[in-house]
$ cat data-v2.txt   # compact mmCIF, C-alpha atoms
# COMPACT_ATOMS: atom_id res chain seq x y z
CA MET A 1110 0.00 0.00 0.00
CA MET A 1111 1.05 3.55 -0.47
CA THR A 1112 0.63 6.29 2.06
CA ASP A 1113 1.81 9.83 2.23
CA THR A 1114 4.47 10.55 4.81
CA ASN A 1115 5.16 14.21 4.42
CA VAL A 1116 2.48 16.80 4.47
CA LYS A 1117 4.91 19.28 5.91
CA ASN A 1118 7.74 21.54 4.83
CA SER A 1119 11.27 20.28 4.89
CA GLY A 1120 12.43 21.34 8.31
CA GLU A 1121 16.16 21.54 7.77
CA SER A 1122 16.14 24.15 5.01
CA ARG A 1123 14.29 27.39 4.56
CA LYS A 1124 13.35 26.45 1.05
CA VAL A 1125 9.67 25.83 0.59
CA PHE A 1126 8.79 22.81 -1.47
CA HIS A 1127 5.45 22.50 -3.13
CA ILE A 1128 3.65 19.24 -2.57
CA PRO A 1129 2.75 18.02 -6.03
CA LEU A 1130 -0.90 17.08 -6.49
CA THR A 1131 -1.07 13.35 -7.04
CA ASP A 1132 -3.40 10.72 -8.42
CA ILE A 1133 -2.71 7.08 -7.66
CA TYR A 1134 -4.44 3.98 -8.88
CA GLU A 1135 -3.84 0.33 -8.30
CA THR A 1136 -4.30 -2.69 -10.51
CA ALA A 1137 -3.41 -6.34 -9.94
CA ASP A 1138 0.04 -5.71 -11.40
CA ILE A 1139 1.00 -2.10 -10.77
CA TYR A 1140 0.57 1.13 -8.86
CA SER A 1141 0.38 4.14 -11.16
CA VAL A 1142 1.37 7.46 -9.58
CA LYS A 1143 0.78 10.71 -11.45
CA LEU A 1144 2.27 13.92 -10.01
CA GLU A 1145 1.87 17.48 -11.27
CA MET A 1146 5.26 19.15 -11.48
CA PRO A 1147 5.08 22.07 -13.91
CA GLY A 1148 8.40 23.57 -14.99
CA ILE A 1149 10.47 20.56 -14.08
CA VAL A 1150 12.92 19.01 -16.51
CA LYS A 1151 14.36 15.51 -16.29
CA GLU A 1152 17.79 16.78 -15.21
CA ASN A 1153 16.39 18.37 -12.05
CA LEU A 1154 14.31 15.43 -10.98
CA ASP A 1155 15.41 12.98 -8.34
CA ILE A 1156 13.50 9.79 -7.59
CA VAL A 1157 14.90 7.65 -4.80
CA ILE A 1158 13.57 4.52 -3.21
CA ASP A 1159 15.12 3.74 0.14
CA ASN A 1160 13.71 0.91 2.20
CA ASP A 1161 10.02 1.67 2.33
CA GLU A 1162 10.24 5.32 1.29
CA LEU A 1163 9.81 6.60 -2.22
CA LYS A 1164 11.01 10.19 -2.37
CA ILE A 1165 10.47 12.45 -5.34
CA THR A 1166 12.34 15.75 -5.31
CA ALA A 1167 12.66 18.36 -8.02
CA GLU A 1168 14.44 21.67 -7.76
CA SER A 1169 13.99 24.15 -10.55
CA SER A 1170 17.00 25.72 -12.19
CA PRO A 1171 17.68 29.28 -11.02
CA GLU A 1172 15.45 31.78 -12.77
CA GLU A 1173 17.25 33.00 -15.88
CA ASN A 1174 14.86 35.88 -16.30
CA THR A 1175 16.18 38.72 -14.16
CA ASP A 1176 13.35 41.12 -14.89
CA SER A 1177 11.82 42.31 -11.66
CA LEU A 1178 9.01 40.23 -10.26
CA LYS A 1179 5.86 42.31 -10.06
CA TYR A 1180 3.34 39.77 -9.00
CA ALA A 1181 3.47 36.11 -8.03
CA GLU A 1182 0.95 33.45 -7.14
CA PHE A 1183 3.70 30.88 -6.93
CA ARG A 1184 7.35 31.07 -5.99
CA ALA A 1185 10.13 28.85 -7.29
CA LYS A 1186 9.02 25.61 -8.84
CA ASP A 1187 10.48 23.19 -6.31
CA PHE A 1188 8.62 20.04 -5.44
CA SER A 1189 9.03 17.29 -2.92
CA ARG A 1190 6.89 14.42 -1.75
CA THR A 1191 7.52 11.15 -0.02
CA PHE A 1192 5.37 8.05 -0.15
CA ARG A 1193 5.61 4.96 1.95
CA VAL A 1194 5.58 1.84 -0.18
CA GLY A 1195 4.85 -1.65 0.98
CA ASN A 1196 6.61 -4.94 0.37
CA ASP A 1197 4.38 -5.56 -2.59
CA VAL A 1198 6.39 -3.15 -4.76
CA ASP A 1199 9.32 -4.53 -6.72
CA ARG A 1200 12.14 -2.07 -5.90
CA ASN A 1201 13.92 -2.78 -9.16
CA ARG A 1202 10.98 -2.20 -11.44
CA ILE A 1203 9.89 1.41 -11.23
CA ASP A 1204 9.34 3.27 -14.49
CA ALA A 1205 9.20 7.04 -14.75
CA LYS A 1206 7.93 9.29 -17.52
CA LEU A 1207 7.89 13.08 -17.56
CA GLU A 1208 5.57 14.81 -19.99
CA ASN A 1209 4.01 18.30 -20.06
CA GLY A 1210 4.88 18.85 -16.43
CA ILE A 1211 3.32 15.57 -15.31
CA LEU A 1212 5.47 12.84 -13.84
CA THR A 1213 4.04 9.34 -14.17
CA LEU A 1214 5.58 6.56 -12.11
CA THR A 1215 4.71 2.94 -12.64
CA LEU A 1216 5.53 0.75 -9.68
CA HIS A 1217 5.37 -2.91 -10.57
CA LYS A 1218 4.22 -5.30 -7.93
CA SER A 1219 6.56 -8.09 -7.08
CA GLU A 1220 5.65 -11.50 -8.46
CA ALA A 1221 5.21 -12.93 -4.98
CA VAL A 1222 2.15 -10.84 -4.20
CA LYS A 1223 0.39 -11.13 -7.54
CA PRO A 1224 -2.72 -13.27 -7.63
CA LYS A 1225 -1.74 -16.68 -8.76
CA LYS A 1226 -3.88 -19.43 -10.09
CA ILE A 1227 -3.18 -22.71 -8.46
CA SER A 1228 -3.54 -25.66 -10.68
CA ILE A 1229 -4.91 -28.81 -9.29
CA ASN A 1230 -3.16 -31.94 -10.17
CA GLN A 1231 -5.32 -34.73 -11.27
CA VAL A 1232 -4.71 -37.84 -9.27
CA ASN A 1233 -6.31 -41.02 -10.36
CA MET B 24 -12.67 36.60 -13.50
CA TYR B 25 -9.54 37.70 -11.75
CA THR B 26 -7.99 41.08 -12.39
CA TYR B 27 -4.58 42.21 -11.30
CA ASN B 28 -4.52 45.36 -9.27
CA ILE B 29 -2.57 46.85 -6.43
CA PHE B 30 -5.13 45.96 -3.75
CA ASN B 31 -4.61 42.28 -4.29
CA ASP B 32 -0.99 42.66 -3.33
CA MET B 33 -1.94 44.43 -0.13
CA ILE B 34 -4.43 41.80 0.93
CA LYS B 35 -1.84 39.11 0.38
CA LEU B 36 -0.49 39.38 3.93
CA ARG B 37 -3.78 37.95 5.11
CA THR B 38 -3.37 35.06 2.71
CA VAL B 39 0.11 34.43 4.07
CA PHE B 40 -1.33 33.85 7.55
CA ASP B 41 -4.24 31.81 6.32
CA ASP B 42 -1.95 29.61 4.29
CA PHE B 43 0.35 29.14 7.25
CA PHE B 44 -2.40 27.94 9.54
CA GLU B 45 -3.91 25.71 6.91
CA HIS B 46 -0.50 24.28 5.99
CA LYS B 47 -0.90 25.27 2.41
CA THR B 48 2.42 25.19 0.65
CA GLY B 49 1.39 24.36 -2.85
CA TYR B 50 0.69 26.76 -5.65
CA GLU B 51 -2.80 25.26 -5.68
CA SER B 52 -4.04 27.77 -3.14
CA SER B 53 -7.35 29.55 -3.40
CA ARG B 54 -6.21 31.43 -6.51
CA GLU B 55 -7.91 30.94 -9.79
CA PHE B 56 -6.34 28.55 -12.21
CA PRO B 57 -3.74 28.88 -13.62
CA PRO B 58 -1.39 30.42 -11.04
CA VAL B 59 0.69 33.15 -12.66
CA GLN B 60 3.85 35.13 -12.16
CA ILE B 61 4.37 38.50 -13.81
CA ARG B 62 7.78 40.00 -14.52
CA GLU B 63 8.38 43.43 -15.88
CA ALA B 64 11.41 45.31 -17.21
CA ASP B 65 11.91 48.25 -19.52
CA ASP B 66 9.27 47.83 -22.19
CA ARG B 67 8.47 44.19 -21.76
CA ILE B 68 6.23 41.99 -19.62
CA THR B 69 6.64 38.27 -19.16
CA ILE B 70 3.81 36.14 -17.80
CA HIS B 71 4.43 32.61 -16.59
CA ALA B 72 1.46 30.35 -15.90
CA LEU B 73 1.58 26.82 -14.49
CA VAL B 74 -0.55 24.55 -16.65
CA PRO B 75 0.63 20.97 -16.05
CA GLY B 76 -0.87 18.36 -18.33
CA ILE B 77 -2.37 20.84 -20.77
CA THR B 78 -1.39 20.78 -24.44
CA SER B 79 -1.32 23.82 -26.70
CA GLY B 80 -4.53 22.71 -28.41
CA ASN B 81 -6.46 23.03 -25.15
CA ILE B 82 -5.38 26.54 -24.24
CA ASP B 83 -6.42 29.87 -25.67
CA ILE B 84 -4.81 33.26 -25.13
CA GLN B 85 -6.56 36.48 -26.06
CA LEU B 86 -5.68 40.12 -25.77
CA VAL B 87 -8.78 42.10 -24.91
CA ASP B 88 -8.01 45.78 -24.59
CA ASP B 89 -5.24 45.77 -22.00
CA ASN B 90 -6.15 42.40 -20.51
CA ILE B 91 -4.64 39.05 -21.29
CA VAL B 92 -7.27 36.35 -21.05
CA ILE B 93 -6.08 32.77 -20.63
CA SER B 94 -8.78 30.16 -21.05
CA GLY B 95 -9.06 26.52 -21.86
CA SER B 96 -9.85 23.16 -20.48
CA LYS B 97 -7.91 20.59 -18.58
CA LYS B 98 -9.21 17.24 -19.68
CA GLU B 99 -9.43 14.61 -17.02
CA ASP B 100 -7.17 11.67 -17.67
CA TYR B 101 -8.54 9.08 -15.29
CA GLU B 102 -8.11 5.47 -16.25
CA ASN B 103 -10.89 3.04 -15.60
CA GLN B 104 -9.18 1.79 -12.47
CA GLN B 105 -9.54 1.77 -8.74
CA TYR B 106 -8.06 5.04 -7.44
CA ILE B 107 -6.38 5.29 -4.05
CA ARG B 108 -5.83 9.02 -4.31
CA LYS B 109 -7.38 11.72 -6.47
CA GLU B 110 -6.01 15.19 -5.82
CA ARG B 111 -5.55 16.67 -9.28
CA LEU B 112 -8.21 19.02 -10.56
CA PHE B 113 -9.78 19.16 -14.00
CA GLY B 114 -12.24 21.28 -15.88
CA GLU B 115 -12.70 24.54 -17.72
CA PHE B 116 -10.79 27.64 -16.69
CA LYS B 117 -10.61 31.29 -17.56
CA LYS B 118 -8.42 33.96 -16.06
CA SER B 119 -7.98 37.58 -16.94
CA ILE B 120 -4.84 39.53 -16.14
CA LYS B 121 -4.83 43.30 -16.37
CA LEU B 122 -1.65 44.63 -17.89
CA PRO B 123 -0.06 47.83 -16.57
CA TYR B 124 -0.07 49.37 -20.06
CA ARG B 125 -1.15 48.65 -23.59
CA VAL B 126 0.99 46.21 -25.56
CA LYS B 127 1.83 45.64 -29.19
CA HIS B 128 -0.75 43.32 -30.70
CA ASP B 129 1.59 41.89 -33.30
CA GLU B 130 4.48 41.17 -30.93
CA ILE B 131 2.88 38.69 -28.56
CA LYS B 132 4.76 35.46 -28.19
CA ALA B 133 3.52 32.44 -26.29
CA ASP B 134 5.38 29.23 -25.53
CA LEU B 135 4.27 26.09 -23.78
CA ALA B 136 6.98 23.85 -22.35
CA ASN B 137 7.04 21.34 -19.49
CA GLY B 138 3.65 22.46 -18.29
CA VAL B 139 4.57 26.14 -18.09
CA LEU B 140 3.04 28.73 -20.38
CA THR B 141 5.20 31.78 -21.09
CA ILE B 142 3.73 34.89 -22.70
CA ASN B 143 6.04 37.68 -23.84
CA LEU B 144 4.60 41.13 -24.43
CA THR B 145 6.10 44.46 -25.46
CA LYS B 146 4.86 47.93 -24.68
CA SER B 147 2.87 49.63 -27.36
CA GLU B 148 4.31 52.82 -28.86
CA ASP B 149 1.32 54.91 -27.86
CA ALA B 150 1.73 53.85 -24.22
CA LYS B 151 5.23 55.29 -24.10
CA PRO B 152 5.80 58.81 -22.83
CA LYS B 153 5.93 61.31 -25.63
CA LYS B 154 7.76 64.59 -25.48
CA ILE B 155 5.73 67.46 -26.75
CA GLU B 156 7.60 70.19 -28.52
CA ILE B 157 6.78 73.79 -27.64
CA ASN B 158 6.76 76.16 -30.52
$ encode --input "data-v2.txt" --output "C-alpha cells"
Amino acid sequence: MMTDTNVKNSGESRKVFHIPLTDIYETADIYSVKLEMPGIVKENLDIVIDNDELKITAESSPEENTDSLKYAEFRAKDFSRTFRVGNDVDRNRIDAKLENGILTLTLHKSEAVKPKKISINQVN
Amino acid sequence: MYTYNIFNDMIKLRTVFDDFFEHKTGYESSREFPPVQIREADDRITIHALVPGITSGNIDIQLVDDNIVISGSKKEDYENQQYIRKERLFGEFKKSIKLPYRVKHDEIKADLANGVLTINLTKSEDAKPKKIEIN
C-alpha cells in the first residue's frame, strides 16, 4: 500500500517545497502514480527509493529571467513528496515518464504478491 | 474573473497567515487557475502560468483591450481503475490579467513547455511617454 508521509515543509532548510498534487491507482500488477510538477525538466528530478520510502524531489533551475518580479501566485518551482511503499512493490521495477509537467511513475508489484492461479493436479 | 490590481498585493499578507495555519504550501491555493507570475522590465512583460498536463490545443490566449485572457480546459485523464488518491483538478478555466499598459498586438509570443506557459509582451508605442515640442 502507499501512504503519504510528508504533508509538511522540509524542516532543515528554509526552502519551501510544493507538494505536487497526485493521483494514484492500483491494478493487480501495478501502482500508477501521477504527479503534477510544472516547470520541471528531467535533469532536475530525483526519484529515490530507500527501504520503504519513495522520495520524489525536483528543484527548478535558477530563474534566468532577471526582470523584476511584479506579481506572483507561486514562488520557485520546487517540489518534494515522499510516499511509503509496501513490500508488494518490486524495488527494481519502477518506471518514470515526464511529460508536459506531469510525472508518471509505474511501480510494478513483485511476483510474490500477484494473484496466482493454483492448478490442481489430477490424481487417479 | 480575476484582475490584477494593487489591492490584491496588499491583501496578500492575510493570505500568508491563512496559508500558514492551513498548511498550504502548494501553488494550488485559493487562486484561480492557472497560477501566474508577472515580470516586468523596460518595455516588456513576461507572464508565466503553471498549466501541467495541458497541451497547446487546449489553451487559448486572447488580448482584450489591455487584458490578457487565458482560457481553456484541462481534460481529465482518469483510467478506468480503482483510485487510491485523487487530488488533481480538472475542468474549464478562464483567467484575466490586467496589464499595466497597452501592448503591441503583433508582438505577442507564447510558448508552452514542461507544463509552463510563457507569454512575452512588449509595450505599445502609444503607451510610451511622448515629449511634446513647444513652438
$ atom_distance --input "data-v2.txt" --atom1 "CA of Lys1223 in chain A" --atom2 "CA of Gln104 in chain B"
16.8 Å
$ closest_atom_pairs --input "data-v2.txt" --of "chain A" --to "chain B" --cutoff "8 Å" --atoms "all atoms listed in the file" --output "Markdown table"
| residue | atom | partner | partner_atom | distance |
| --- | --- | --- | --- | --- |
| A:Lys1117 | CA | B:His46 | CA | 7.4 |
| A:Asn1118 | CA | B:Thr48 | CA | 7.7 |
| A:Val1125 | CA | B:Thr48 | CA | 7.3 |
| A:Phe1126 | CA | B:Thr48 | CA | 7.1 |
| A:His1127 | CA | B:Gly49 | CA | 4.5 |
| A:Ile1128 | CA | B:Gly49 | CA | 5.6 |
| A:Pro1129 | CA | B:Gly49 | CA | 7.2 |
| A:Leu1130 | CA | B:Arg111 | CA | 5.4 |
| A:Thr1131 | CA | B:Glu110 | CA | 5.4 |
| A:Asp1132 | CA | B:Lys109 | CA | 4.5 |
| A:Ile1133 | CA | B:Arg108 | CA | 5.0 |
| A:Tyr1134 | CA | B:Tyr106 | CA | 4.0 |
| A:Glu1135 | CA | B:Gln105 | CA | 5.9 |
| A:Thr1136 | CA | B:Gln104 | CA | 6.9 |
| A:Glu1145 | CA | B:Pro75 | CA | 6.0 |
| A:Met1146 | CA | B:Pro75 | CA | 6.8 |
| A:Pro1147 | CA | B:Gly138 | CA | 4.6 |
| A:Gly1148 | CA | B:Asn137 | CA | 5.2 |
| A:Ile1149 | CA | B:Asn137 | CA | 6.5 |
| A:Val1150 | CA | B:Asn137 | CA | 7.0 |
| A:Asp1176 | CA | B:Ala64 | CA | 5.2 |
| A:Ser1177 | CA | B:Arg62 | CA | 5.5 |
| A:Leu1178 | CA | B:Arg62 | CA | 4.4 |
| A:Lys1179 | CA | B:Arg62 | CA | 5.4 |
| A:Tyr1180 | CA | B:Ile61 | CA | 5.1 |
| A:Ala1181 | CA | B:Gln60 | CA | 4.3 |
| A:Glu1182 | CA | B:Pro58 | CA | 5.5 |
| A:Phe1183 | CA | B:Tyr50 | CA | 5.3 |
| A:Arg1184 | CA | B:Tyr50 | CA | 7.9 |
| A:Glu1208 | CA | B:Asn137 | CA | 6.7 |
| A:Asn1209 | CA | B:Asn137 | CA | 4.3 |
| A:Gly1210 | CA | B:Gly138 | CA | 4.2 |
| A:Ile1211 | CA | B:Gly76 | CA | 5.9 |
$ residues_around --input "data-v2.txt" --residues "Asp1159 in chain A" --least-positions-apart "3" --cutoff "12 Å" --atoms "only C-alpha atoms" --output "NGL selection string"
:A and (1156 or 1162-1165 or 1191-1195 or 1200-1201)
$ atom_distance --input "data-v2.txt" --atom1 "CA of Lys117 in chain B" --atom2 "CA of Lys98 in chain B"
14.3 Å
$ atom_distance --input "data-v2.txt" --atom1 "CA of Ser1228 in chain A" --atom2 "CA of Asp1197 in chain A"
23.1 Å
$ closest_residue --input "data-v2.txt" --among "B:Asp83, B:Asp66, B:Glu99, B:Glu156" --to "Glu130 in chain B" --atoms "all atoms listed in the file"
B:Asp66
$ closest_residue --input "data-v2.txt" --among "A:Val1232, A:Leu1144, A:Ile1158, A:Ala1185" --to "Val1198 in chain A" --atoms "only C-alpha atoms"
A:Ile1158
$ decode --input "data-v2.txt" --residues "range 141-152 of chain B" --atoms "all heavy atoms" --output "PDB file, in the first residue's frame"
ATOM      1  N   THR B 141       4.485  30.513 -21.194  1.00  0.00           N
ATOM      2  CA  THR B 141       5.198  31.783 -21.091  1.00  0.00           C
ATOM      3  C   THR B 141       4.659  32.728 -22.162  1.00  0.00           C
ATOM      4  O   THR B 141       4.625  32.381 -23.341  1.00  0.00           O
ATOM      5  CB  THR B 141       6.714  31.565 -21.304  1.00  0.00           C
ATOM      6  OG1 THR B 141       7.151  30.556 -20.396  1.00  0.00           O
ATOM      7  CG2 THR B 141       7.492  32.834 -21.057  1.00  0.00           C
ATOM      8  N   ILE B 142       4.240  33.896 -21.742  1.00  0.00           N
ATOM      9  CA  ILE B 142       3.732  34.886 -22.696  1.00  0.00           C
ATOM     10  C   ILE B 142       4.642  36.112 -22.625  1.00  0.00           C
ATOM     11  O   ILE B 142       4.877  36.664 -21.544  1.00  0.00           O
ATOM     12  CB  ILE B 142       2.271  35.296 -22.376  1.00  0.00           C
ATOM     13  CG1 ILE B 142       1.376  34.058 -22.220  1.00  0.00           C
ATOM     14  CG2 ILE B 142       1.718  36.212 -23.460  1.00  0.00           C
ATOM     15  CD1 ILE B 142      -0.006  34.367 -21.662  1.00  0.00           C
ATOM     16  N   ASN B 143       5.176  36.497 -23.773  1.00  0.00           N
ATOM     17  CA  ASN B 143       6.036  37.683 -23.838  1.00  0.00           C
ATOM     18  C   ASN B 143       5.305  38.821 -24.532  1.00  0.00           C
ATOM     19  O   ASN B 143       4.762  38.646 -25.620  1.00  0.00           O
ATOM     20  CB  ASN B 143       7.309  37.358 -24.622  1.00  0.00           C
ATOM     21  CG  ASN B 143       8.209  36.425 -23.844  1.00  0.00           C
ATOM     22  OD1 ASN B 143       8.705  36.765 -22.783  1.00  0.00           O
ATOM     23  ND2 ASN B 143       8.386  35.220 -24.370  1.00  0.00           N
ATOM     24  N   LEU B 144       5.317  39.982 -23.891  1.00  0.00           N
ATOM     25  CA  LEU B 144       4.600  41.132 -24.426  1.00  0.00           C
ATOM     26  C   LEU B 144       5.521  42.346 -24.464  1.00  0.00           C
ATOM     27  O   LEU B 144       6.415  42.477 -23.620  1.00  0.00           O
ATOM     28  CB  LEU B 144       3.399  41.454 -23.514  1.00  0.00           C
ATOM     29  CG  LEU B 144       2.450  40.297 -23.206  1.00  0.00           C
ATOM     30  CD1 LEU B 144       1.859  40.470 -21.836  1.00  0.00           C
ATOM     31  CD2 LEU B 144       1.357  40.229 -24.241  1.00  0.00           C
ATOM     32  N   THR B 145       5.315  43.225 -25.428  1.00  0.00           N
ATOM     33  CA  THR B 145       6.101  44.464 -25.460  1.00  0.00           C
ATOM     34  C   THR B 145       5.163  45.664 -25.455  1.00  0.00           C
ATOM     35  O   THR B 145       4.061  45.611 -25.993  1.00  0.00           O
ATOM     36  CB  THR B 145       7.007  44.552 -26.702  1.00  0.00           C
ATOM     37  OG1 THR B 145       6.294  44.044 -27.818  1.00  0.00           O
ATOM     38  CG2 THR B 145       8.293  43.771 -26.521  1.00  0.00           C
ATOM     39  N   LYS B 146       5.647  46.706 -24.856  1.00  0.00           N
ATOM     40  CA  LYS B 146       4.858  47.928 -24.681  1.00  0.00           C
ATOM     41  C   LYS B 146       4.517  48.555 -26.034  1.00  0.00           C
ATOM     42  O   LYS B 146       5.366  48.615 -26.929  1.00  0.00           O
ATOM     43  CB  LYS B 146       5.705  48.912 -23.867  1.00  0.00           C
ATOM     44  CG  LYS B 146       4.931  50.041 -23.224  1.00  0.00           C
ATOM     45  CD  LYS B 146       5.892  50.819 -22.331  1.00  0.00           C
ATOM     46  CE  LYS B 146       5.186  51.681 -21.346  1.00  0.00           C
ATOM     47  NZ  LYS B 146       6.121  52.189 -20.323  1.00  0.00           N
ATOM     48  N   SER B 147       3.310  48.994 -26.123  1.00  0.00           N
ATOM     49  CA  SER B 147       2.873  49.628 -27.362  1.00  0.00           C
ATOM     50  C   SER B 147       3.447  51.045 -27.443  1.00  0.00           C
ATOM     51  O   SER B 147       3.672  51.703 -26.416  1.00  0.00           O
ATOM     52  CB  SER B 147       1.347  49.628 -27.369  1.00  0.00           C
ATOM     53  OG  SER B 147       0.846  50.808 -27.887  1.00  0.00           O
ATOM     54  N   GLU B 148       3.697  51.500 -28.666  1.00  0.00           N
ATOM     55  CA  GLU B 148       4.306  52.823 -28.861  1.00  0.00           C
ATOM     56  C   GLU B 148       3.466  53.941 -28.231  1.00  0.00           C
ATOM     57  O   GLU B 148       3.986  54.857 -27.617  1.00  0.00           O
ATOM     58  CB  GLU B 148       4.500  53.108 -30.360  1.00  0.00           C
ATOM     59  CG  GLU B 148       5.610  52.302 -31.013  1.00  0.00           C
ATOM     60  CD  GLU B 148       6.984  52.504 -30.385  1.00  0.00           C
ATOM     61  OE1 GLU B 148       7.264  53.628 -29.908  1.00  0.00           O
ATOM     62  OE2 GLU B 148       7.764  51.530 -30.348  1.00  0.00           O
ATOM     63  N   ASP B 149       2.162  53.815 -28.367  1.00  0.00           N
ATOM     64  CA  ASP B 149       1.319  54.908 -27.862  1.00  0.00           C
ATOM     65  C   ASP B 149       1.169  54.886 -26.342  1.00  0.00           C
ATOM     66  O   ASP B 149       0.556  55.771 -25.756  1.00  0.00           O
ATOM     67  CB  ASP B 149      -0.048  54.949 -28.570  1.00  0.00           C
ATOM     68  CG  ASP B 149      -0.792  53.637 -28.420  1.00  0.00           C
ATOM     69  OD1 ASP B 149      -0.227  52.711 -27.818  1.00  0.00           O
ATOM     70  OD2 ASP B 149      -1.936  53.553 -28.904  1.00  0.00           O
ATOM     71  N   ALA B 150       1.759  53.878 -25.693  1.00  0.00           N
ATOM     72  CA  ALA B 150       1.731  53.854 -24.221  1.00  0.00           C
ATOM     73  C   ALA B 150       3.006  54.469 -23.658  1.00  0.00           C
ATOM     74  O   ALA B 150       3.135  54.680 -22.451  1.00  0.00           O
ATOM     75  CB  ALA B 150       1.575  52.428 -23.718  1.00  0.00           C
ATOM     76  N   LYS B 151       3.965  54.717 -24.552  1.00  0.00           N
ATOM     77  CA  LYS B 151       5.232  55.290 -24.097  1.00  0.00           C
ATOM     78  C   LYS B 151       5.105  56.796 -23.924  1.00  0.00           C
ATOM     79  O   LYS B 151       4.324  57.440 -24.634  1.00  0.00           O
ATOM     80  CB  LYS B 151       6.330  54.990 -25.135  1.00  0.00           C
ATOM     81  CG  LYS B 151       6.774  53.546 -25.106  1.00  0.00           C
ATOM     82  CD  LYS B 151       7.864  53.295 -26.110  1.00  0.00           C
ATOM     83  CE  LYS B 151       8.185  51.810 -26.172  1.00  0.00           C
ATOM     84  NZ  LYS B 151       9.071  51.496 -27.277  1.00  0.00           N
ATOM     85  N   PRO B 152       5.885  57.357 -23.009  1.00  0.00           N
ATOM     86  CA  PRO B 152       5.804  58.811 -22.832  1.00  0.00           C
ATOM     87  C   PRO B 152       6.255  59.523 -24.108  1.00  0.00           C
ATOM     88  O   PRO B 152       7.143  59.047 -24.813  1.00  0.00           O
ATOM     89  CB  PRO B 152       6.764  59.075 -21.674  1.00  0.00           C
ATOM     90  CG  PRO B 152       7.517  57.842 -21.419  1.00  0.00           C
ATOM     91  CD  PRO B 152       6.841  56.724 -22.099  1.00  0.00           C
TER      92      PRO B 152
END
